[in-house]
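One file, data_11.txt, carrying compact mmCIF, C-alpha atoms:
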# COMPACT_ATOMS: atom_id res chain seq x y z
CA ARG O 1 166.23 58.49 34.12
CA LYS O 2 165.40 54.83 34.70
CA GLU O 3 162.97 54.04 37.51
CA VAL O 4 165.30 51.71 39.38
CA GLU O 5 169.02 51.68 38.71
CA GLN O 6 171.67 49.28 39.88
CA ASP O 7 175.32 48.76 39.09
CA PRO O 8 175.28 45.53 37.03
CA GLY O 9 178.66 44.42 38.34
CA PRO O 10 179.99 41.81 38.42
CA PHE O 11 181.33 42.17 41.91
CA ASN O 12 184.03 39.54 42.39
CA VAL O 13 184.90 39.17 46.07
CA PRO O 14 186.82 36.60 48.12
CA GLU O 15 185.10 34.44 50.70
CA GLY O 16 184.73 36.27 53.99
CA ALA O 17 184.66 39.71 52.43
CA THR O 18 182.04 42.36 53.04
CA VAL O 19 180.28 43.68 49.95
CA ALA O 20 177.69 46.41 49.51
CA PHE O 21 175.26 47.16 46.70
CA ASN O 22 173.35 50.36 46.16
CA CYS O 23 170.21 50.98 44.20
CA THR O 24 168.58 54.30 43.31
CA TYR O 25 164.94 54.89 42.48
CA SER O 26 163.33 57.82 40.73
CA ASN O 27 159.76 57.87 42.06
CA SER O 28 159.57 59.72 45.36
CA ALA O 29 156.11 58.20 45.95
CA SER O 30 157.62 54.73 46.27
CA GLN O 31 156.24 53.03 49.35
CA SER O 32 157.97 49.72 49.79
CA PHE O 33 161.30 48.25 48.87
CA PHE O 34 162.76 44.79 48.56
CA TRP O 35 165.88 42.90 47.69
CA TYR O 36 165.40 39.72 45.67
CA ARG O 37 167.99 37.11 44.87
CA GLN O 38 168.05 35.32 41.53
CA ASP O 39 170.22 32.30 40.86
CA CYS O 40 171.22 31.43 37.32
CA ARG O 41 168.24 30.17 35.28
CA LYS O 42 165.95 30.30 38.31
CA GLU O 43 163.11 32.52 39.47
CA PRO O 44 163.75 35.51 41.76
CA LYS O 45 163.16 34.90 45.44
CA LEU O 46 162.63 37.45 48.17
CA LEU O 47 165.78 38.02 50.19
CA MET O 48 164.49 40.73 52.47
CA SER O 49 162.17 43.69 52.70
CA VAL O 50 163.72 47.09 53.37
CA TYR O 51 162.17 49.10 56.16
CA SER O 52 162.61 52.78 56.90
CA SER O 53 164.50 52.00 60.07
CA GLY O 54 166.78 49.54 58.32
CA ASN O 55 166.77 45.85 58.99
CA GLU O 56 169.17 43.01 59.49
CA ASP O 57 168.86 39.30 58.84
CA GLY O 58 171.96 37.39 59.83
CA ARG O 59 174.78 38.47 57.55
CA PHE O 60 172.53 40.71 55.48
CA THR O 61 171.67 44.32 56.28
CA ALA O 62 169.34 46.49 54.23
CA GLN O 63 168.95 50.24 54.55
CA LEU O 64 166.70 52.87 53.03
CA ASN O 65 167.51 56.52 52.48
CA ARG O 66 164.33 58.27 51.38
CA ALA O 67 165.92 61.70 51.16
CA SER O 68 168.47 60.52 48.63
CA GLN O 69 166.16 57.86 47.15
CA TYR O 70 168.42 54.89 47.44
CA ILE O 71 168.48 51.55 49.18
CA SER O 72 171.48 49.43 50.04
CA LEU O 73 172.30 45.82 50.78
CA LEU O 74 175.33 44.84 52.82
CA ILE O 75 176.56 41.25 52.92
CA ARG O 76 179.09 40.39 55.59
CA ASP O 77 181.35 37.33 55.68
CA SER O 78 180.49 36.37 52.09
CA LYS O 79 179.96 32.70 51.32
CA LEU O 80 180.36 30.91 48.01
CA SER O 81 176.61 30.28 48.14
CA ASP O 82 175.95 34.02 48.08
CA SER O 83 176.95 34.09 44.41
CA ALA O 84 173.85 35.23 42.55
CA THR O 85 172.21 38.27 41.02
CA TYR O 86 170.62 40.66 43.49
CA LEU O 87 167.58 42.57 42.30
CA CYS O 88 166.43 45.84 43.80
CA VAL O 89 162.64 46.14 43.74
CA VAL O 90 160.40 49.13 44.38
CA ASN O 91 156.64 49.35 44.88
CA VAL O 92 154.76 52.61 44.41
CA GLY O 93 151.61 51.05 45.80
CA GLY O 94 148.77 49.64 43.73
CA THR O 95 151.00 49.27 40.69
CA PRO O 96 153.31 46.45 39.59
CA LEU O 97 156.61 46.09 41.32
CA VAL O 98 159.47 47.74 39.45
CA PHE O 99 162.63 45.68 39.19
CA GLY O 100 166.15 46.86 38.71
CA LYS O 101 168.28 44.91 36.25
CA GLY O 102 170.26 43.37 39.05
CA THR O 103 173.79 43.29 40.38
CA ARG O 104 175.81 40.14 39.83
CA LEU O 105 177.91 38.88 42.72
CA SER O 106 180.57 36.20 42.46
CA VAL O 107 182.18 35.02 45.67
CA ILE O 108 185.51 33.37 45.01
CA ALA O 109 187.26 30.74 47.13
CA ASP N 110 151.22 24.10 50.35
CA GLY N 111 150.42 27.49 48.90
CA GLY N 112 152.34 28.64 45.90
CA ILE N 113 152.44 29.65 42.30
CA THR N 114 152.90 27.10 39.54
CA GLN N 115 153.96 27.61 35.97
CA SER N 116 153.86 25.03 33.24
CA PRO N 117 155.48 23.78 31.20
CA LYS N 118 159.03 24.32 32.38
CA TYR N 119 160.38 24.11 28.83
CA LEU N 120 158.45 24.86 25.64
CA PHE N 121 159.44 24.73 22.02
CA ARG N 122 157.49 26.61 19.41
CA LYS N 123 157.67 26.57 15.68
CA GLU N 124 157.66 29.90 13.93
CA GLY N 125 154.14 31.09 13.22
CA GLN N 126 152.56 29.14 16.07
CA ASN N 127 150.72 30.50 19.06
CA VAL N 128 151.58 28.95 22.41
CA THR N 129 150.00 29.38 25.84
CA LEU N 130 151.92 29.40 29.10
CA SER N 131 150.06 28.42 32.22
CA CYS N 132 150.21 30.18 35.59
CA GLU N 133 148.16 29.13 38.61
CA GLN N 134 148.32 30.36 42.20
CA ASN N 135 146.58 29.26 45.38
CA LEU N 136 147.80 32.14 47.52
CA ASN N 137 144.50 34.05 47.19
CA HIS N 138 146.43 36.94 45.63
CA ASP N 139 144.49 39.56 43.73
CA ALA N 140 147.35 40.65 41.48
CA MET N 141 149.18 38.55 38.91
CA TYR N 142 151.95 39.50 36.53
CA TRP N 143 153.88 38.22 33.55
CA TYR N 144 157.52 39.16 33.04
CA ARG N 145 159.98 38.33 30.32
CA GLN N 146 163.70 37.93 30.98
CA ASP N 147 166.34 37.71 28.27
CA PRO N 148 169.84 36.38 28.98
CA GLY N 149 171.80 38.76 31.16
CA GLN N 150 168.90 41.20 31.30
CA GLY N 151 166.39 42.37 33.87
CA LEU N 152 162.70 41.57 34.13
CA ARG N 153 160.37 43.37 31.73
CA LEU N 154 156.64 43.54 32.43
CA ILE N 155 154.37 42.10 29.74
CA TYR N 156 150.89 42.23 31.31
CA TYR N 157 149.40 42.43 34.75
CA SER N 158 146.00 41.96 36.32
CA GLN N 159 144.71 43.28 39.61
CA ILE N 160 141.20 41.85 39.46
CA VAL N 161 139.34 39.11 37.65
CA ASN N 162 138.26 39.97 34.10
CA ASP N 163 140.58 42.96 33.95
CA PHE N 164 144.21 43.32 32.89
CA GLN N 165 146.63 46.01 31.83
CA LYS N 166 149.45 46.17 29.31
CA GLY N 167 152.95 46.39 30.62
CA ASP N 168 156.02 47.72 28.87
CA ILE N 169 156.27 45.03 26.18
CA ALA N 170 152.73 43.76 25.54
CA GLU N 171 152.93 43.62 21.75
CA GLY N 172 152.64 40.07 20.45
CA TYR N 173 151.21 38.74 23.70
CA SER N 174 147.71 38.24 25.08
CA VAL N 175 146.33 37.25 28.48
CA SER N 176 143.06 36.40 30.20
CA ARG N 177 141.95 36.48 33.83
CA GLU N 178 138.74 34.49 34.03
CA LYS N 179 139.54 33.15 37.48
CA LYS N 180 141.42 34.68 40.38
CA GLU N 181 143.77 31.72 40.48
CA SER N 182 144.75 31.64 36.82
CA PHE N 183 146.51 34.06 34.47
CA PRO N 184 147.58 32.32 31.23
CA LEU N 185 149.84 34.07 28.74
CA THR N 186 149.58 33.44 25.00
CA VAL N 187 152.62 34.17 22.88
CA THR N 188 151.26 34.87 19.43
CA SER N 189 152.90 34.64 16.04
CA ALA N 190 153.04 38.44 16.08
CA GLN N 191 155.80 38.29 18.69
CA LYS N 192 158.89 38.36 16.49
CA ASN N 193 161.48 37.32 19.03
CA PRO N 194 159.74 35.14 21.60
CA THR N 195 162.70 33.06 22.79
CA ALA N 196 163.10 34.03 26.46
CA PHE N 197 162.51 33.04 30.07
CA TYR N 198 158.94 33.86 31.12
CA LEU N 199 158.13 34.44 34.77
CA CYS N 200 154.71 34.66 36.35
CA ALA N 201 154.26 36.33 39.74
CA SER N 202 151.48 37.16 42.15
CA SER N 203 151.03 39.52 45.06
CA THR N 204 148.45 41.09 47.28
CA LEU N 205 147.41 44.65 46.62
CA GLY N 206 147.75 45.81 50.19
CA ARG N 207 149.57 49.04 50.73
CA VAL N 208 151.16 47.64 53.83
CA GLN N 209 154.78 46.98 52.98
CA GLU N 210 154.84 43.48 54.30
CA ASP N 211 151.95 42.40 52.08
CA SER N 212 153.13 43.64 48.73
CA GLU N 213 156.04 41.34 47.94
CA ALA N 214 155.73 39.23 44.81
CA PHE N 215 156.01 35.47 44.67
CA PHE N 216 157.29 33.90 41.47
CA GLY N 217 156.64 30.67 39.67
CA GLN N 218 159.60 28.61 38.50
CA GLY N 219 159.41 30.05 35.03
CA THR N 220 158.91 28.74 31.51
CA ARG N 221 161.79 28.71 29.09
CA LEU N 222 160.41 29.22 25.58
CA THR N 223 162.49 28.47 22.51
CA VAL N 224 161.50 29.04 18.90
CA VAL N 225 162.72 26.27 16.63

Conversion result in structure tokens:
Amino acid sequence: RKEVEQDPGPFNVPEGATVAFNCTYSNSASQSFFWYRQDCRKEPKLLMSVYSSGNEDGRFTAQLNRASQYISLLIRDSKLSDSATYLCVVNVGGTPLVFGKGTRLSVIA
Amino acid sequence: DGGITQSPKYLFRKEGQNVTLSCEQNLNHDAMYWYRQDPGQGLRLIYYSQIVNDFQKGDIAEGYSVSREKKESFPLTVTSAQKNPTAFYLCASSTLGRVQEDSEAFFGQGTRLTVV
């Protein structure tokens, strides 16, 4: 089983739609979790950290389910500018971050 | 401004040549990492370092070498032993704190290496 798994997509959604991505991780000792965004031919950039209590930043909501070992990202009211690849990232603590392969989102006008 | 800088942005290598990719950070981060990304693929860890003068192999270290003589610098050498070096190379840095908020990674803009 891979350490961090994501549905590669692509998810093609119309503007204004709500879209959700899930990510599962295999190491129950994982301590911190992140969503990164990567635009085509660019470096990944932190979108948001994922806290145990869940967190929201504008149109973006991230949630963590430790019992089932998955994290989710919800994007409401999708914009064309949200088109990118979203990377799920897990940190066991004291070791390199583990990246999922990413989920590609295309928001269509 | 604090940040992490990679150079060059584009690099062309002839077969059989060694090339060195630069990565410098002024974020006072202890940990630095090198990743490779192939088109349409995820990030694969090449090497990482958590302290000066020490580094560890990642998942795909063969054909690569690194050094960590200074906290701020973590250059990557792609040697002639790397048979398929054409890829996008990303350097990152982070703190080693176990507090969630401190452990995110910051990336450089990447170096696109092409073998000609």

What residues in chain O lie within 8 Å of chain N, counting only C-alpha atoms, written as a PyMOL selection string? chain O and resi 31-34+42-46+49+91+93-94+96-97+99-102

Could you tell me, as a list in words, which residues have any atom at most 12 Å from (159.8, 38.7, 18.0), counting all atoms listed in the file? Glu124, Gly125, Ile169, Ala170, Glu171, Gly172, Tyr173, Val187, Thr188, Ser189, Ala190, Gln191, Lys192, Asn193, Pro194, Thr195, Ala196, Thr223 and Val224 of chain N

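Taking CA of Ser131 (chain N) as the reference point, CA of Thr186 (chain N) is found at 8.8 Å.
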
What lies within 10 Å of Leu105 (chain O) using all atoms listed in the file, ignoring chain neighbours under 2 positions off, as a ChimeraX atom specification? /O:8-13,19,21,80,82-86,102-103,107-108

Residue with the minimum atom-to-atom distance to Val98 (chain O), picked from O:Thr18, O:Asn27, O:Gln63, O:Gln38 with only C-alpha atoms counted, is O:Asn27

One decimal, Å: what's the distance from CA of Ile155 (chain N) over to CA of Ala29 (chain O), could you say?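 These two atoms are separated by 22.9 Å.
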
Please return the centre and edge lengths, in Å to one decimal, of a box with edges along x, y and z that contains all listed atoms of region 49-66 of chain O, widened by 4 Å on every side, as lines of an AutoDock Vina configuration file.
center_x = 168.5
center_y = 47.8
center_z = 55.7
size_x = 20.6
size_y = 28.9
size_z = 16.7

One residue among O:Ser30, O:Glu15, O:Val4, O:Arg76 is nearest to Thr95 (chain O) when using all atoms listed in the file, and that residue is O:Ser30

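From CA of Val225 (chain N) back to CA of Phe121 (chain N), the distance works out to 6.5 Å.
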
Nearest to Ser174 (chain N) by atom-to-atom distance, counting only C-alpha atoms, from N:Gly112, N:Asp139, N:Val128, N:Arg122: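 Smallest separation from Ser174 (chain N) among the options: N:Val128.
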
What lies within 9 Å of Ser182 (chain N) using only C-alpha atoms, ignoring chain neighbours under 3 positions off, as a PyMOL selection string? chain N and resi 131-134+141+176-179

Do a neighbour search on Asn55 (chain O) at 12 Å with all atoms listed in the file, toss out local chain neighbours closer than 3 positions, and write the hits as an MDAnalysis selection string. chainID O and resid 33:35 47:52 58:64 71:74
